[in-house]
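What follows is a single structure, written as structure tokens, with notes after it.
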Amino acid sequence: MPEQTESESRKLLRRLQATLAEAGEGQERLDRITHLIADSMGTEVCSIYLLRDPGTLELCATEGLAPESVHVTRMRMGEGLVGRVAARARPINTANAPAEPGFRYMPETGEERFSSFLGVPIQRLGERLGVLVVQSKDAREFSGDEIYALEVVAMVIAEMTELGAFLGEGAALSPRHQQQVMIRGGSAQEGVAEGVVYLHEPRVVVTNPIAEDPHAESIRLREAVDQLRVSVDEMLSHAPKGDGEQAQVLEAYRMFANSRGWMRRMEEDIARGLSAEAAVEKEQSTARARMETVPDAYLRERLQDLDDLSNRLLRLLTGQGAGATGAQMPDRPVLVARNIGPGDLLDYGRSLKAVVLEEGSVGSHAAIVARALAIPLVVNAKRITTEALNGDPILVDGDQGIVHLRPEEAVATAFRDKIAMMAAAQERYASIRDKPAETKCGTVISLQMNAGLMADLPSLVSSGAEGVGLFRTELQFLTRNKVPRRGELAQLYAKVMDSAGGKRVIFRTLDIGSDKVLPYMKPQDEPNPALGWRAIRVGLDKPGVMRMQLQALIRAANGRPLSVMFPFIAQFEEFTQARDHLLREIDREAALGHVLPAEVEIGAMLETPSLAFAPRHFFELADFISIGGNDLKQFFFAADRENERVRRRYDTLNVSFLTFLEQIVHRCDDTDTPLSFCGEDAGRPIEALCFGAMGLRTLSMRPASIGPVKSLLRRVDLRELRSVINEARTTGAQSVRPAVMDWFRQQG
Ligand code: PEP
Ligand code: MG
């Protein structure tokens, strides 16, 4: 880069800094900035457009366009050249703007006189704040240096916007982080909560985007990068051997930390007058904007690594700590994070009212933990970490996947009404807690609960569940960085049985693979992990861990009855092999002199359609069968349970699925094999009623669903419902839901 341009650029930033330092209202500052940029760059026009809401840009200041159009001219994201710059987060540079695709003529601005156009996004950490534009009459393309200089200025404007330098009247100049924001994400754990934002990670604030002495800044940057390299090397040397994934991420960190391109770009930004922090953030913003548009998952992950690395570098430069935010944990904390690991989430534990993640997915480990802790969780909440500040009021609707940040009173009131109604319902449920789930026709349904943590066990009493129909044992494996020890597991399982106070607990052996990847397990790189090497397939091929777990269970029972179920059995032989393992372990434990369980029940999870057609022998041999509806439904409809797009397409009350369930009921009835249903659908009241009508007599669900399901079951006659379902089936309906809902409404 020529020395000349560099110092021009620094001069511009210095003038900008002086302008920003002058007293005045936000509007005056913006006006002065547009004047200054047009003057420095020798263009007739300079305009600043800022977002007034996430979808609309507003012309907020201009030098050269008609002054009457300020705060009047608006465009949607993606509309016209300015809207396109914002939507794509990329500059547009053209010598002939009217000929450019997407050009929109705005007569009120008088811009038809200007042929050339250069617009750059004003963005901060991937969040779009506006667009900075220069235009001139002569038909010329702006040089690379000019684009670069304008981007640097846009970066400073972004930082100053964040710091509140441009406050004024109207939505576009209103203070940031004060307006109500509604964010629609995905529901990963149901429940609603009102609370206060608690940020998991510090938000780095850059207060000095412009620096006087590029040499000194460059030294600061290099020193920080050196420190960063040392810390990455240290992390790598401490990474557990054999942990492929962690090492891969760290290697990527190392690659970036040593990347000449990254360093060079930041040095160039500094040479143009940015501070070291602002240079890091500028690179980070560009990477984030790219992250959104890159279709390749691998590349996106690498950009994510670069983002994490930039955060570390920013913390080193600003001295703002990592980990704890330093903020006091508020009374009703709602944790807000880009993402969170299962271990961290468990550390916060049940003190959290809700969790909102900018990324995350329904099947992530964090979601599994949130589900186990019964904390409402919204994932994929775009922009939440850039919008939310510690202490902001927040409403989380985990049922709908909606978050209201800094809600207006009317929204908060409606939300509180919803919470109050739910609380009143909970009271009603408490009054029937010790009553059976007996329908009007005298059918008794056994309601059990699903669990996965020791902390779930108190719900056994409070929910009125008759037992634990599914104890998922994955969490103890997912949240550690090595395989837990047998003694540790035996102790935990014994405590679970103690807390159950004699009620039956069905332990499901380790169900890993697919979405549940152990941090210390070699990644399998399978094309279709859900159809891959998972659950019992791993247990049978590499039986070491399963055998250890079975020993732990036998020891934990210590003379008490033991119920074990094997996940994902797809054919009879898998069940006999797994069962043989358990029987062999019992013999071994006996030979070692350990007390054996008083009795042992061995069951199978029916999660693949194939098992429903297994030989009669299978049904005779299994002591019980539990339908894992989450998996069974995904395989029945060939629709990924984590892919929102296809998941919702198939209703659980689809005639084919209900008929299939009915066939399983018949097969189990024939051999007197106890049957239960333990997928999430069992906890949805209407679904639960229909399962009852199809002949299921045991349902296992999350504890919070037991009250609503029981309350409904006690109000209906399943024989009537059965005839409604039969009738709907004969009319060729795709789903019985509409007919069932009509009937249900008539019940009053
Ligand atoms: C299921 O598949 O329905 C089930 C209960 O198991 P998981 O959700 O743990 O896969
Ligand atoms: Mg399953």
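So you can find residues: chains in the structure tokens are A, B, ... in the order shown, residues in each start at 1, and ligands are numbered from 1 in order.
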
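For ligand 1, the protein and nucleic acid residues at most 6 Å away, judged by only C-alpha atoms and all ligand atoms, amount to Gly628, Gly629, Asn630, Asp631, Cys678 and Gly679 of chain A.
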
How would you write, as a PyMOL selection string, the set of residues no farther than 12 Å from ligand 2 when counting only C-alpha atoms and all ligand atoms? chain A and resi 363+470-472+474+508-516+530-531+534-536+565-570+604-608+626-635+641+677-680

Selection near stretch 344-347 of chain A, 8 Å with only C-alpha atoms, sequence-local residues under 5 positions removed, as an mmCIF file with all heavy atoms, in the first residue's frame:
```
data_model
loop_
_atom_site.group_PDB
_atom_site.id
_atom_site.type_symbol
_atom_site.label_atom_id
_atom_site.label_comp_id
_atom_site.auth_asym_id
_atom_site.auth_seq_id
_atom_site.Cartn_x
_atom_site.Cartn_y
_atom_site.Cartn_z
ATOM 1 N N ALA A 366 -25.967 -29.309 24.658
ATOM 2 C CA ALA A 366 -26.559 -28.317 25.557
ATOM 3 C C ALA A 366 -28.068 -28.545 25.634
ATOM 4 O O ALA A 366 -28.667 -28.440 26.705
ATOM 5 C CB ALA A 366 -26.274 -26.913 25.048
ATOM 6 N N VAL A 369 -28.825 -31.399 27.917
ATOM 7 C CA VAL A 369 -28.717 -31.027 29.332
ATOM 8 C C VAL A 369 -29.906 -30.155 29.738
ATOM 9 O O VAL A 369 -30.520 -30.366 30.786
ATOM 10 C CB VAL A 369 -27.384 -30.288 29.607
ATOM 11 C CG1 VAL A 369 -27.346 -29.755 31.025
ATOM 12 C CG2 VAL A 369 -26.206 -31.214 29.360
ATOM 13 N N ALA A 370 -30.245 -29.177 28.903
ATOM 14 C CA ALA A 370 -31.364 -28.288 29.233
ATOM 15 C C ALA A 370 -32.638 -29.102 29.406
ATOM 16 O O ALA A 370 -33.441 -28.851 30.300
ATOM 17 C CB ALA A 370 -31.551 -27.237 28.151
#
```

#### Entry: Per-residue DSSP, stretch 574-687 of chain A, filtered to helix (DSSP H, G or I), as a PyMOL selection string
chain A and resi 574-591+609-612+616-621+629-636+644-647+655-670+680-683+685-687

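Reported to one decimal place, the separation of atom CA of A:Val379 from atom CA of A:Asn643 is 13.4 Å.
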
Can you list every residue in stretch 73-108 of chain A that DSSP puts in strand (DSSP E or B), as a ChimeraX atom specification? /A:74-76,92-94

Hey, can you spit out that residue selection with N, CA, C and O atoms as a PDB file, in the first residue's frame?
```pdb
ATOM      1  N   ARG A  74     -36.295   5.968   2.697  1.00  0.00           N
ATOM      2  CA  ARG A  74     -36.087   4.682   3.375  1.00  0.00           C
ATOM      3  C   ARG A  74     -36.108   3.571   2.357  1.00  0.00           C
ATOM      4  O   ARG A  74     -36.741   3.704   1.309  1.00  0.00           O
ATOM      5  N   MET A  75     -35.436   2.500   2.653  1.00  0.00           N
ATOM      6  CA  MET A  75     -35.520   1.329   1.773  1.00  0.00           C
ATOM      7  C   MET A  75     -35.435   0.061   2.599  1.00  0.00           C
ATOM      8  O   MET A  75     -34.899   0.069   3.707  1.00  0.00           O
ATOM      9  N   ARG A  76     -36.005  -1.007   2.055  1.00  0.00           N
ATOM     10  CA  ARG A  76     -35.960  -2.292   2.741  1.00  0.00           C
ATOM     11  C   ARG A  76     -34.576  -2.892   2.550  1.00  0.00           C
ATOM     12  O   ARG A  76     -33.866  -2.554   1.601  1.00  0.00           O
ATOM     13  N   ILE A  92     -20.496  -2.327  -2.823  1.00  0.00           N
ATOM     14  CA  ILE A  92     -20.828  -2.256  -4.257  1.00  0.00           C
ATOM     15  C   ILE A  92     -20.087  -1.039  -4.793  1.00  0.00           C
ATOM     16  O   ILE A  92     -20.155   0.050  -4.217  1.00  0.00           O
ATOM     17  N   ASN A  93     -19.367  -1.253  -5.893  1.00  0.00           N
ATOM     18  CA  ASN A  93     -18.542  -0.204  -6.490  1.00  0.00           C
ATOM     19  C   ASN A  93     -18.862  -0.175  -7.982  1.00  0.00           C
ATOM     20  O   ASN A  93     -18.619  -1.148  -8.688  1.00  0.00           O
ATOM     21  N   THR A  94     -19.450   0.920  -8.449  1.00  0.00           N
ATOM     22  CA  THR A  94     -19.812   0.953  -9.863  1.00  0.00           C
ATOM     23  C   THR A  94     -19.644   2.352 -10.449  1.00  0.00           C
ATOM     24  O   THR A  94     -19.907   3.350  -9.773  1.00  0.00           O
TER      25      THR A  94
END
```

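Each of A:Leu314, A:Met255, A:Ile445, A:Ile625 was checked against A:Ile506 using only C-alpha atoms; the smallest atom-to-atom distance is that of A:Ile625.
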
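One distance worth recording is that between atom CA of A:Lys137 and atom CA of A:Leu51, which is 26.6 Å.
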
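Between atom CA of A:Val403 and atom CA of A:Ile384 lies a distance of 8.9 Å.
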
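Contact shell of A:Arg265 at 10 Å (only C-alpha atoms; same-chain neighbours under 4 positions omitted): Arg260, Gly261, Asp269, Ile270, Ala271, Ala279, Val280, Lys282 and Glu283 of chain A.
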
Skipping near chain neighbours, those fewer than 3 positions away, what residues fall within 10 Å of A:Gly343 using only C-alpha atoms, listed as a CSV table (one decimal) with N, CA and C atoms, in the first residue's frame?
```csv
chain,number,residue,atom,x,y,z
A,340,ILE,N,-23.0,-23.0,24.2
A,340,ILE,CA,-22.5,-23.4,25.5
A,340,ILE,C,-22.3,-24.9,25.5
A,346,LEU,N,-24.3,-27.5,32.9
A,346,LEU,CA,-24.5,-28.2,34.2
A,346,LEU,C,-24.0,-27.4,35.4
A,347,ASP,N,-22.9,-26.7,35.2
A,347,ASP,CA,-22.3,-25.9,36.3
A,347,ASP,C,-23.3,-24.9,36.7
A,348,TYR,N,-24.0,-24.2,35.8
A,348,TYR,CA,-25.0,-23.2,36.1
A,348,TYR,C,-26.2,-23.9,36.8
A,349,GLY,N,-26.5,-25.1,36.3
A,349,GLY,CA,-27.6,-25.9,36.9
A,349,GLY,C,-28.9,-25.3,36.9
A,365,HIS,N,-25.6,-31.1,22.6
A,365,HIS,CA,-25.5,-31.6,24.0
A,365,HIS,C,-26.1,-30.6,25.0
A,366,ALA,N,-26.0,-29.3,24.7
A,366,ALA,CA,-26.6,-28.3,25.6
A,366,ALA,C,-28.1,-28.5,25.6
A,369,VAL,N,-28.8,-31.4,27.9
A,369,VAL,CA,-28.7,-31.0,29.3
A,369,VAL,C,-29.9,-30.2,29.7
A,475,LEU,N,-25.7,-38.6,29.8
A,475,LEU,CA,-25.2,-37.4,30.3
A,475,LEU,C,-23.9,-37.5,31.0
A,476,GLN,N,-23.8,-38.5,31.8
A,476,GLN,CA,-22.6,-38.7,32.6
A,476,GLN,C,-21.4,-39.0,31.7
A,478,LEU,N,-21.4,-37.7,28.4
A,478,LEU,CA,-21.2,-36.6,27.5
A,478,LEU,C,-20.5,-35.4,28.2
A,479,THR,N,-20.7,-35.3,29.5
A,479,THR,CA,-20.2,-34.1,30.2
A,479,THR,C,-18.8,-34.3,30.7
A,480,ARG,N,-18.1,-35.4,30.5
A,480,ARG,CA,-16.8,-35.5,31.0
A,480,ARG,C,-15.8,-35.6,29.8
A,481,ASN,N,-14.5,-35.4,30.1
A,481,ASN,CA,-13.6,-35.5,29.0
A,481,ASN,C,-12.9,-36.9,28.9
```

Of A:Leu167, A:Val70, A:Leu489, A:Val396, the one nearest to A:Arg184 when counting only C-alpha atoms is A:Val396

### Message
I'd like the neighbourhood of A:Val85 as a ChimeraX atom specification, where a residue qualifies if any of its atoms comes within 7 Å (using only C-alpha atoms), though same-chain residues fewer than 6 positions away should be ignored.
### Response
/A:91-92,119-121,131

Keeping only all heavy atoms, take the residues you just selected and write them out as a PDB file, in the first residue's frame.
```pdb
ATOM      1  N   PRO A  91     -19.280  -4.527  -0.201  1.00  0.00           N
ATOM      2  CA  PRO A  91     -19.326  -3.245  -0.910  1.00  0.00           C
ATOM      3  C   PRO A  91     -19.888  -3.397  -2.324  1.00  0.00           C
ATOM      4  O   PRO A  91     -19.799  -4.468  -2.928  1.00  0.00           O
ATOM      5  CB  PRO A  91     -17.855  -2.824  -1.001  1.00  0.00           C
ATOM      6  CG  PRO A  91     -17.104  -3.691  -0.079  1.00  0.00           C
ATOM      7  CD  PRO A  91     -17.905  -4.931   0.111  1.00  0.00           C
ATOM      8  N   ILE A  92     -20.496  -2.327  -2.823  1.00  0.00           N
ATOM      9  CA  ILE A  92     -20.828  -2.256  -4.257  1.00  0.00           C
ATOM     10  C   ILE A  92     -20.087  -1.039  -4.793  1.00  0.00           C
ATOM     11  O   ILE A  92     -20.155   0.050  -4.217  1.00  0.00           O
ATOM     12  CB  ILE A  92     -22.343  -2.123  -4.495  1.00  0.00           C
ATOM     13  CG1 ILE A  92     -23.044  -3.435  -4.100  1.00  0.00           C
ATOM     14  CG2 ILE A  92     -22.642  -1.763  -5.964  1.00  0.00           C
ATOM     15  CD1 ILE A  92     -24.546  -3.450  -4.376  1.00  0.00           C
ATOM     16  N   GLY A 119     -20.661   1.927  -2.022  1.00  0.00           N
ATOM     17  CA  GLY A 119     -21.338   1.740  -0.729  1.00  0.00           C
ATOM     18  C   GLY A 119     -20.640   0.633   0.031  1.00  0.00           C
ATOM     19  O   GLY A 119     -20.308  -0.404  -0.543  1.00  0.00           O
ATOM     20  N   VAL A 120     -20.383   0.872   1.320  1.00  0.00           N
ATOM     21  CA  VAL A 120     -19.793  -0.196   2.151  1.00  0.00           C
ATOM     22  C   VAL A 120     -20.685  -0.397   3.380  1.00  0.00           C
ATOM     23  O   VAL A 120     -21.310   0.545   3.864  1.00  0.00           O
ATOM     24  CB  VAL A 120     -18.336   0.123   2.600  1.00  0.00           C
ATOM     25  CG1 VAL A 120     -17.414   0.302   1.415  1.00  0.00           C
ATOM     26  CG2 VAL A 120     -18.301   1.344   3.509  1.00  0.00           C
ATOM     27  N   PRO A 121     -20.753  -1.635   3.849  1.00  0.00           N
ATOM     28  CA  PRO A 121     -21.614  -1.879   5.015  1.00  0.00           C
ATOM     29  C   PRO A 121     -21.028  -1.276   6.284  1.00  0.00           C
ATOM     30  O   PRO A 121     -19.809  -1.283   6.469  1.00  0.00           O
ATOM     31  CB  PRO A 121     -21.647  -3.408   5.117  1.00  0.00           C
ATOM     32  CG  PRO A 121     -20.442  -3.889   4.392  1.00  0.00           C
ATOM     33  CD  PRO A 121     -20.114  -2.863   3.355  1.00  0.00           C
ATOM     34  N   VAL A 131     -25.264   1.626   6.134  1.00  0.00           N
ATOM     35  CA  VAL A 131     -24.449   1.650   4.914  1.00  0.00           C
ATOM     36  C   VAL A 131     -23.850   3.054   4.768  1.00  0.00           C
ATOM     37  O   VAL A 131     -24.527   4.056   5.024  1.00  0.00           O
ATOM     38  CB  VAL A 131     -25.313   1.328   3.664  1.00  0.00           C
ATOM     39  CG1 VAL A 131     -24.484   1.413   2.390  1.00  0.00           C
ATOM     40  CG2 VAL A 131     -25.936  -0.065   3.779  1.00  0.00           C
TER      41      VAL A 131
END
```

* To do: Can you pull out every residue within 9 Å of A:Gln227, counting only C-alpha atoms, but drop anything in the same chain fewer than 4 positions away, and send it as a PyMOL selection string?
  => chain A and resi 222-223+231-232+313+316

Residues just named, written with C-alpha atoms as a compact mmCIF listing (two decimals), in the first residue's frame:
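What landed in selection_23.txt:
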```
# COMPACT_ATOMS: atom_id res chain seq x y z
CA ARG A 222 2.14 -8.38 17.62
CA GLU A 223 2.66 -8.82 21.34
CA SER A 231 -1.53 -20.02 24.74
CA VAL A 232 -2.77 -22.03 21.74
CA LEU A 313 -7.20 -11.71 20.94
CA LEU A 316 -5.86 -9.97 25.47
```
